[in-house]
file target.cif (mmCIF, C-alpha atoms)
data_input
#
loop_
_atom_site.label_atom_id
_atom_site.label_comp_id
_atom_site.auth_asym_id
_atom_site.auth_seq_id
_atom_site.Cartn_x
_atom_site.Cartn_y
_atom_site.Cartn_z
CA MET A 166 11.76 127.84 73.95
CA ASP A 167 12.37 127.51 77.52
CA ALA A 168 12.07 123.77 77.27
CA ILE A 169 14.58 123.59 74.39
CA ASP A 170 17.02 125.83 76.26
CA LYS A 171 16.56 123.61 79.26
CA ILE A 172 17.24 120.47 77.21
CA ILE A 173 20.28 122.11 75.59
CA GLU A 174 21.49 123.25 78.99
CA GLU A 175 20.94 119.76 80.36
CA ILE A 176 22.79 118.19 77.39
CA ASN A 177 25.63 120.73 77.80
CA LYS A 178 25.81 119.98 81.53
CA GLN A 179 25.82 116.25 80.88
CA ALA A 180 28.50 116.67 78.19
CA GLN A 181 30.54 118.86 80.55
CA ASP A 182 30.20 116.25 83.30
CA ASN A 183 31.30 113.53 80.83
CA ARG A 184 34.26 115.69 79.72
CA ASP A 185 35.20 116.41 83.34
CA ARG A 186 34.89 112.70 84.27
CA PHE A 187 36.85 111.67 81.15
CA GLU A 188 39.51 114.31 81.89
CA ASN A 189 39.77 113.17 85.52
CA GLU A 190 40.01 109.50 84.46
CA GLU A 191 42.67 110.33 81.87
CA ILE A 192 44.59 112.47 84.35
CA ALA A 193 44.35 109.65 86.92
CA ALA A 194 45.51 107.11 84.29
CA ILE A 195 48.39 109.37 83.20
CA ASP A 196 49.32 109.99 86.85
CA GLY A 197 49.20 106.24 87.51
CA TRP A 198 51.31 105.50 84.42
CA PHE A 199 53.75 108.28 85.37
CA MET A 200 54.06 106.99 88.95
CA ALA A 201 54.63 103.40 87.70
CA GLU A 202 57.23 104.57 85.15
CA SER A 203 58.87 106.81 87.75
CA GLU A 204 59.07 103.91 90.26
CA THR A 205 60.46 101.60 87.56
CA ALA A 206 63.04 104.20 86.51
CA THR A 207 63.96 104.85 90.17
CA GLU A 208 64.32 101.10 90.83
CA ASN A 209 66.39 100.63 87.65
CA HIS A 210 68.57 103.56 88.66
CA ARG A 211 69.00 102.16 92.17
CA GLN A 212 69.92 98.72 90.78
CA GLN A 213 72.35 100.29 88.32
CA GLN A 214 73.97 102.31 91.10
CA ALA A 215 74.22 99.21 93.28
CA LYS A 216 75.82 97.26 90.40
CA GLN A 217 78.24 100.10 89.63
CA LEU A 218 79.13 100.41 93.31
CA LYS A 219 79.74 96.65 93.51
CA ASP A 220 81.87 96.82 90.33
CA LEU A 221 83.84 99.76 91.76
CA GLU A 222 84.39 97.93 95.05
CA GLN A 223 85.57 94.86 93.14
CA ARG A 224 87.95 96.96 91.00
CA PHE A 225 89.19 98.73 94.13
CA LYS A 226 89.89 95.37 95.81
CA GLN A 227 91.71 94.14 92.69
CA LEU A 228 93.76 97.34 92.42
CA ARG A 229 94.57 97.28 96.14
CA SER A 230 95.54 93.62 95.90
CA ARG A 231 97.69 94.30 92.84
CA GLN A 232 99.28 97.28 94.56
CA GLN A 233 100.02 95.21 97.66
CA MET A 234 101.51 92.50 95.46
CA ASP A 235 103.62 95.13 93.63
CA VAL A 236 104.82 96.51 96.96
CA ARG A 237 105.70 93.00 98.14
CA GLN A 238 107.44 92.29 94.84
CA ASP A 239 109.36 95.58 95.00
CA SER A 240 110.29 94.78 98.59
CA LEU A 241 111.52 91.31 97.59
CA VAL A 242 113.52 92.77 94.71
CA GLU A 243 115.06 95.35 97.06
CA LYS A 244 115.87 92.63 99.61
CA GLN A 245 117.38 90.54 96.83
CA ARG A 246 119.53 93.51 95.74
CA TYR A 247 120.63 94.03 99.33
CA LEU A 248 121.61 90.36 99.66
CA ASP A 249 123.40 90.58 96.28
CA ARG A 250 125.39 93.58 97.55
CA LEU A 251 126.07 91.83 100.84
CA PHE A 252 127.45 88.73 99.14
CA GLU A 253 129.39 90.82 96.62
CA GLU A 254 130.99 92.75 99.48
CA ALA A 255 131.81 89.46 101.20
CA TYR A 256 133.43 88.21 97.99
CA GLU A 257 135.44 91.43 97.62
CA LYS A 258 136.68 91.08 101.20
CA MET A 259 137.64 87.45 100.63
CA ALA A 260 139.26 88.28 97.29
CA SER A 261 141.45 90.90 98.98
CA TRP A 262 142.58 88.67 101.88
CA ASP A 263 146.25 88.91 102.68
CA LYS A 264 148.62 85.98 102.23
CA GLY A 265 148.32 84.79 105.84
CA THR A 266 144.51 84.76 105.78
CA ILE A 267 144.43 82.90 102.46
CA GLN A 268 146.87 80.30 103.77
CA ALA A 269 144.94 79.90 107.04
CA PHE A 270 141.66 79.39 105.12
CA ALA A 271 143.33 76.91 102.73
CA THR A 272 144.93 75.01 105.62
CA LEU A 273 141.61 74.66 107.44
CA SER A 274 139.81 73.63 104.23
CA LEU A 275 142.48 71.14 103.13
CA LYS A 276 142.55 69.44 106.55
CA GLN A 277 138.80 68.78 106.34
CA LEU A 278 138.83 67.08 102.94
CA PRO A 279 138.02 63.34 103.01
CA ILE A 280 140.87 62.43 100.66
CA THR A 281 142.93 59.25 100.64
CA GLU A 282 144.55 59.69 97.20
CA GLU A 283 146.90 62.39 95.98
CA GLY A 284 145.33 65.83 95.55
CA ILE A 285 146.39 68.59 93.22
CA LEU A 286 146.05 72.14 94.48
CA LEU A 287 144.96 74.52 91.70
CA PRO A 288 145.01 78.13 92.88
CA SER A 289 142.90 80.74 91.10
CA GLY A 290 143.18 84.51 90.97
CA PRO A 291 146.27 86.63 91.62
CA HIS A 292 146.05 86.72 95.44
CA ALA A 293 145.44 82.99 95.91
CA THR A 294 148.06 82.08 93.31
CA ALA A 295 150.66 84.20 95.13
CA ALA A 296 149.71 82.80 98.56
CA LEU A 297 149.28 79.14 97.67
CA ASP A 298 152.73 78.48 96.21
CA ALA A 299 155.17 75.57 96.42
CA SER A 300 156.46 76.62 99.85
CA PHE A 301 152.88 76.61 101.21
CA VAL A 302 152.28 73.11 99.81
CA THR A 303 155.54 71.87 101.35
CA ALA A 304 154.65 73.39 104.74
CA ILE A 305 151.03 72.13 104.80
CA GLN A 306 152.00 68.61 103.63
CA LYS A 307 153.18 67.76 107.16
CA GLU A 308 149.65 68.42 108.52
CA LEU A 309 147.70 66.41 105.91
CA ASP A 310 146.80 62.71 105.83
CA TYR A 311 147.17 62.63 102.04
CA GLN A 312 149.67 63.73 99.42
CA LEU A 313 149.19 67.21 97.97
CA ARG A 314 151.06 68.75 95.11
CA LEU A 315 150.81 72.13 93.43
CA GLY A 316 149.28 72.19 89.96
CA GLU A 317 148.87 74.88 87.32
CA ALA A 318 146.99 77.99 88.38
CA LEU A 319 143.49 78.19 86.94
CA THR A 320 142.95 80.77 84.25
CA ALA A 321 139.67 81.93 85.82
CA ASN A 322 139.85 85.37 87.38
CA GLU A 323 137.94 84.16 90.44
CA GLU A 324 139.86 84.09 93.70
CA GLY A 325 140.18 80.84 95.61
CA PHE A 326 141.39 77.35 94.77
CA VAL A 327 140.30 73.93 93.59
CA VAL A 328 141.62 70.56 94.76
CA ASP A 329 141.57 67.90 92.05
CA VAL A 330 141.60 64.27 93.17
CA ALA A 331 141.60 61.87 90.21
CA GLY A 332 139.16 64.06 88.28
CA VAL A 333 136.92 64.86 91.25
CA GLN A 334 137.19 68.54 92.05
CA TYR A 335 136.64 70.13 95.45
CA ASN A 336 135.74 73.72 94.72
CA PHE A 337 136.97 76.43 97.07
CA LEU A 338 136.52 79.36 94.71
CA TYR A 339 135.24 82.10 97.00
CA ARG A 340 132.32 83.20 94.85
CA ASP A 341 131.13 79.61 94.48
CA LEU A 342 131.45 79.05 98.23
CA LEU A 343 129.40 82.19 98.88
CA ASN A 344 126.76 81.16 96.31
CA GLU A 345 126.52 77.76 97.96
CA GLN A 346 126.19 79.41 101.38
CA ARG A 347 123.51 81.73 100.00
CA SER A 348 121.56 78.80 98.54
CA ALA A 349 121.76 76.92 101.82
CA THR A 350 120.98 79.77 104.21
CA GLY A 351 119.48 82.54 102.03
CA ASN A 352 115.97 82.20 103.47
CA GLU A 353 117.24 82.07 107.03
CA MET A 354 119.42 85.12 106.41
CA SER A 355 116.48 87.00 104.90
CA GLN A 356 114.38 86.19 107.94
CA LYS A 357 117.10 87.42 110.29
CA LEU A 358 117.79 90.57 108.27
CA PHE A 359 114.27 91.54 107.30
CA GLY A 360 112.10 89.82 109.89
#

call {"tool": "encode", "arguments": {"input": "target.cif", "output": "structure tokens"}}
result
Amino acid sequence: MDAIDKIIEEINKQAQDNRDRFENEEIAAIDGWFMAESETATENHRQQQAKQLKDLEQRFKQLRSRQQMDVRQDSLVEKQRYLDRLFEEAYEKMASWDKGTIQAFATLSLKQLPITEEGILLPSGPHATAALDASFVTAIQKELDYQLRLGEALTANEEGFVVDVAGVQYNFLYRDLLNEQRSATGNEMSQKLFG
């Protein structure tokens, strides 16, 4: 029986060796698969993080750019409001000129007109209508190279005057003069005021 026990023992040892070898091979294969999967997952995670970081940086740049644009836009709107107030204050000062100032402005303006035909002075607004009356026209006529007569006051509530020469109107309404000045020099004024 010794020989049979020896054979059985040898078969058991061989089977155990096969099981141990098989177990080691399987463990090595599983470890290899796990390492490969782990590296793939780590690489995918790294790529995903890199992509998300790039997307976040891009969104940050867009948001920062939009915010800068909003700040510039708000600044421009505020500058525009300031210029609006400035020109409105200028109009209010002009609209409240006294009689002498209105007549001096009208005299200077009327002398510069390139008129050869008769002009009709059409005052507008209560201050200009009171200042630019028949006695003013009579007095200024001596200084002009053309005939000027007083016409009907304009019904507009804007202060200033218009000179009509055969249907061509020279506009000296204060608000229109200021708007023209703003159109011509608005950018230059903004540069001087706001740098």

call {"tool": "residues_around", "arguments": {"input": "target.cif", "residues": "Ala293 (chain A)", "least_positions_apart": "6", "cutoff": "9 Å", "atoms": "all atoms listed in the file", "output": "PyMOL selection string"}}
result
chain A and resi 260+262+264+267-268+324-326

call {"tool": "atom_distance", "arguments": {"input": "target.cif", "atom1": "CA of Thr207 (chain A)", "atom2": "CA of Ala194 (chain A)"}}
result
19.5 Å

call {"tool": "residues_near_point", "arguments": {"input": "target.cif", "point": "(143.6, 82.0, 85.2)", "cutoff": "12 Å", "atoms": "only C-alpha atoms", "output": "mmCIF file with C-alpha atoms, in the frame of the given file"}}
result
data_model
loop_
_atom_site.group_PDB
_atom_site.id
_atom_site.type_symbol
_atom_site.label_atom_id
_atom_site.label_comp_id
_atom_site.auth_asym_id
_atom_site.auth_seq_id
_atom_site.Cartn_x
_atom_site.Cartn_y
_atom_site.Cartn_z
ATOM 1 C CA LEU A 287 144.960 74.520 91.700
ATOM 2 C CA PRO A 288 145.010 78.130 92.880
ATOM 3 C CA SER A 289 142.900 80.740 91.100
ATOM 4 C CA GLY A 290 143.180 84.510 90.970
ATOM 5 C CA PRO A 291 146.270 86.630 91.620
ATOM 6 C CA HIS A 292 146.050 86.720 95.440
ATOM 7 C CA ALA A 293 145.440 82.990 95.910
ATOM 8 C CA THR A 294 148.060 82.080 93.310
ATOM 9 C CA GLU A 317 148.870 74.880 87.320
ATOM 10 C CA ALA A 318 146.990 77.990 88.380
ATOM 11 C CA LEU A 319 143.490 78.190 86.940
ATOM 12 C CA THR A 320 142.950 80.770 84.250
ATOM 13 C CA ALA A 321 139.670 81.930 85.820
ATOM 14 C CA ASN A 322 139.850 85.370 87.380
ATOM 15 C CA GLU A 323 137.940 84.160 90.440
ATOM 16 C CA GLU A 324 139.860 84.090 93.700
ATOM 17 C CA GLY A 325 140.180 80.840 95.610
ATOM 18 C CA PHE A 326 141.390 77.350 94.770
#

call {"tool": "atom_distance", "arguments": {"input": "target.cif", "atom1": "CA of Glu253 (chain A)", "atom2": "CA of Val236 (chain A)"}}
result
25.2 Å

call {"tool": "atom_distance", "arguments": {"input": "target.cif", "atom1": "CA of Glu174 (chain A)", "atom2": "CA of Arg186 (chain A)"}}
result
17.9 Å

call {"tool": "resolve_selection", "arguments": {"input": "target.cif", "expression": "the PyMOL selection byres ((chain A and resi 283) around 6)", "output": "list in words"}}
result
Glu282, Gly284, Gln312 and Leu313 of chain A

call {"tool": "write_last_selection", "arguments": {"input": "target.cif", "atoms": "C-alpha atoms", "output": "PDB file, in the coordinates of the input"}}
result
ATOM      1  CA  GLU A 282     144.550  59.690  97.200  1.00  0.00           C
ATOM      2  CA  GLY A 284     145.330  65.830  95.550  1.00  0.00           C
ATOM      3  CA  GLN A 312     149.670  63.730  99.420  1.00  0.00           C
ATOM      4  CA  LEU A 313     149.190  67.210  97.970  1.00  0.00           C
TER       5      LEU A 313
END

call {"tool": "closest_residue", "arguments": {"input": "target.cif", "among": "A:Leu248, A:Ile280, A:Met234, A:Arg211", "to": "Gln334 (chain A)", "atoms": "only C-alpha atoms"}}
result
A:Ile280

call {"tool": "axis_aligned_box", "arguments": {"input": "target.cif", "around": "region 311-321 of chain A", "padding_each_side": "3 Å", "output": "AutoDock Vina command-line options"}}
result
--center_x 145.4 --center_y 72.3 --center_z 93.1 --size_x 17.4 --size_y 25.3 --size_z 23.8

call {"tool": "closest_residue", "arguments": {"input": "target.cif", "among": "A:Leu278, A:Leu286, A:Leu241, A:Ala255", "to": "Thr303 (chain A)", "atoms": "all atoms listed in the file"}}
result
A:Leu286

call {"tool": "resolve_selection", "arguments": {"input": "target.cif", "expression": "the PyMOL selection byres ((chain A and resi 337) around 9)", "output": "NGL selection string"}}
result
:A and (271 or 274 or 324-328 or 335-336 or 338-342)

call {"tool": "build_atoms", "arguments": {"input": "target.cif", "residues": "region 213-242 of chain A", "atoms": "N, CA and C atoms", "output": "mmCIF file, in the frame of the given file"}}
result
data_model
loop_
_atom_site.group_PDB
_atom_site.id
_atom_site.type_symbol
_atom_site.label_atom_id
_atom_site.label_comp_id
_atom_site.auth_asym_id
_atom_site.auth_seq_id
_atom_site.Cartn_x
_atom_site.Cartn_y
_atom_site.Cartn_z
ATOM 1 N N GLN A 213 71.159 99.934 89.082
ATOM 2 C CA GLN A 213 72.350 100.290 88.320
ATOM 3 C C GLN A 213 73.422 100.884 89.235
ATOM 4 N N GLN A 214 73.017 101.737 90.145
ATOM 5 C CA GLN A 214 73.970 102.310 91.100
ATOM 6 C C GLN A 214 74.578 101.220 91.976
ATOM 7 N N ALA A 215 73.729 100.305 92.437
ATOM 8 C CA ALA A 215 74.220 99.210 93.280
ATOM 9 C C ALA A 215 75.227 98.358 92.507
ATOM 10 N N LYS A 216 74.919 98.060 91.239
ATOM 11 C CA LYS A 216 75.820 97.260 90.400
ATOM 12 C C LYS A 216 77.126 98.014 90.164
ATOM 13 N N GLN A 217 77.032 99.311 89.853
ATOM 14 C CA GLN A 217 78.240 100.100 89.630
ATOM 15 C C GLN A 217 79.075 100.192 90.906
ATOM 16 N N LEU A 218 78.420 100.353 92.040
ATOM 17 C CA LEU A 218 79.130 100.410 93.310
ATOM 18 C C LEU A 218 79.839 99.080 93.581
ATOM 19 N N LYS A 219 79.133 97.974 93.311
ATOM 20 C CA LYS A 219 79.740 96.650 93.510
ATOM 21 C C LYS A 219 80.931 96.475 92.564
ATOM 22 N N ASP A 220 80.769 96.904 91.294
ATOM 23 C CA ASP A 220 81.870 96.820 90.330
ATOM 24 C C ASP A 220 83.049 97.677 90.788
ATOM 25 N N LEU A 221 82.770 98.879 91.280
ATOM 26 C CA LEU A 221 83.840 99.760 91.760
ATOM 27 C C LEU A 221 84.552 99.155 92.966
ATOM 28 N N GLU A 222 83.781 98.572 93.885
ATOM 29 C CA GLU A 222 84.390 97.930 95.050
ATOM 30 C C GLU A 222 85.274 96.768 94.620
ATOM 31 N N GLN A 223 84.794 95.995 93.641
ATOM 32 C CA GLN A 223 85.570 94.860 93.140
ATOM 33 C C GLN A 223 86.863 95.357 92.476
ATOM 34 N N ARG A 224 86.760 96.405 91.650
ATOM 35 C CA ARG A 224 87.950 96.960 91.000
ATOM 36 C C ARG A 224 88.910 97.529 92.042
ATOM 37 N N PHE A 225 88.358 98.177 93.070
ATOM 38 C CA PHE A 225 89.190 98.730 94.130
ATOM 39 C C PHE A 225 89.954 97.605 94.834
ATOM 40 N N LYS A 226 89.240 96.506 95.149
ATOM 41 C CA LYS A 226 89.890 95.370 95.810
ATOM 42 C C LYS A 226 90.998 94.794 94.916
ATOM 43 N N GLN A 227 90.707 94.666 93.606
ATOM 44 C CA GLN A 227 91.710 94.140 92.690
ATOM 45 C C GLN A 227 92.923 95.066 92.613
ATOM 46 N N LEU A 228 92.655 96.378 92.491
ATOM 47 C CA LEU A 228 93.760 97.340 92.420
ATOM 48 C C LEU A 228 94.571 97.351 93.710
ATOM 49 N N ARG A 229 93.873 97.299 94.856
ATOM 50 C CA ARG A 229 94.570 97.280 96.140
ATOM 51 C C ARG A 229 95.403 96.007 96.259
ATOM 52 N N SER A 230 94.815 94.885 95.845
ATOM 53 C CA SER A 230 95.540 93.620 95.900
ATOM 54 C C SER A 230 96.762 93.660 94.983
ATOM 55 N N ARG A 231 96.576 94.193 93.780
ATOM 56 C CA ARG A 231 97.690 94.300 92.840
ATOM 57 C C ARG A 231 98.765 95.230 93.391
ATOM 58 N N GLN A 232 98.326 96.338 93.987
ATOM 59 C CA GLN A 232 99.280 97.280 94.560
ATOM 60 C C GLN A 232 100.045 96.639 95.708
ATOM 61 N N GLN A 233 99.353 95.901 96.556
ATOM 62 C CA GLN A 233 100.020 95.210 97.660
ATOM 63 C C GLN A 233 101.022 94.186 97.119
ATOM 64 N N MET A 234 100.618 93.486 96.057
ATOM 65 C CA MET A 234 101.510 92.500 95.460
ATOM 66 C C MET A 234 102.728 93.208 94.851
ATOM 67 N N ASP A 235 102.500 94.359 94.187
ATOM 68 C CA ASP A 235 103.620 95.130 93.630
ATOM 69 C C ASP A 235 104.560 95.604 94.727
ATOM 70 N N VAL A 236 103.984 96.058 95.836
ATOM 71 C CA VAL A 236 104.820 96.510 96.960
ATOM 72 C C VAL A 236 105.632 95.346 97.506
ATOM 73 N N ARG A 237 104.971 94.177 97.668
ATOM 74 C CA ARG A 237 105.700 93.000 98.140
ATOM 75 C C ARG A 237 106.806 92.606 97.161
ATOM 76 N N GLN A 238 106.459 92.656 95.868
ATOM 77 C CA GLN A 238 107.440 92.290 94.840
ATOM 78 C C GLN A 238 108.605 93.276 94.856
ATOM 79 N N ASP A 239 108.304 94.575 94.934
ATOM 80 C CA ASP A 239 109.360 95.580 95.000
ATOM 81 C C ASP A 239 110.227 95.370 96.240
ATOM 82 N N SER A 240 109.566 95.029 97.342
ATOM 83 C CA SER A 240 110.290 94.780 98.590
ATOM 84 C C SER A 240 111.208 93.567 98.432
ATOM 85 N N LEU A 241 110.692 92.509 97.815
ATOM 86 C CA LEU A 241 111.520 91.310 97.590
ATOM 87 C C LEU A 241 112.698 91.618 96.682
ATOM 88 N N VAL A 242 112.445 92.402 95.634
ATOM 89 C CA VAL A 242 113.520 92.770 94.710
ATOM 90 C C VAL A 242 114.576 93.588 95.449
#
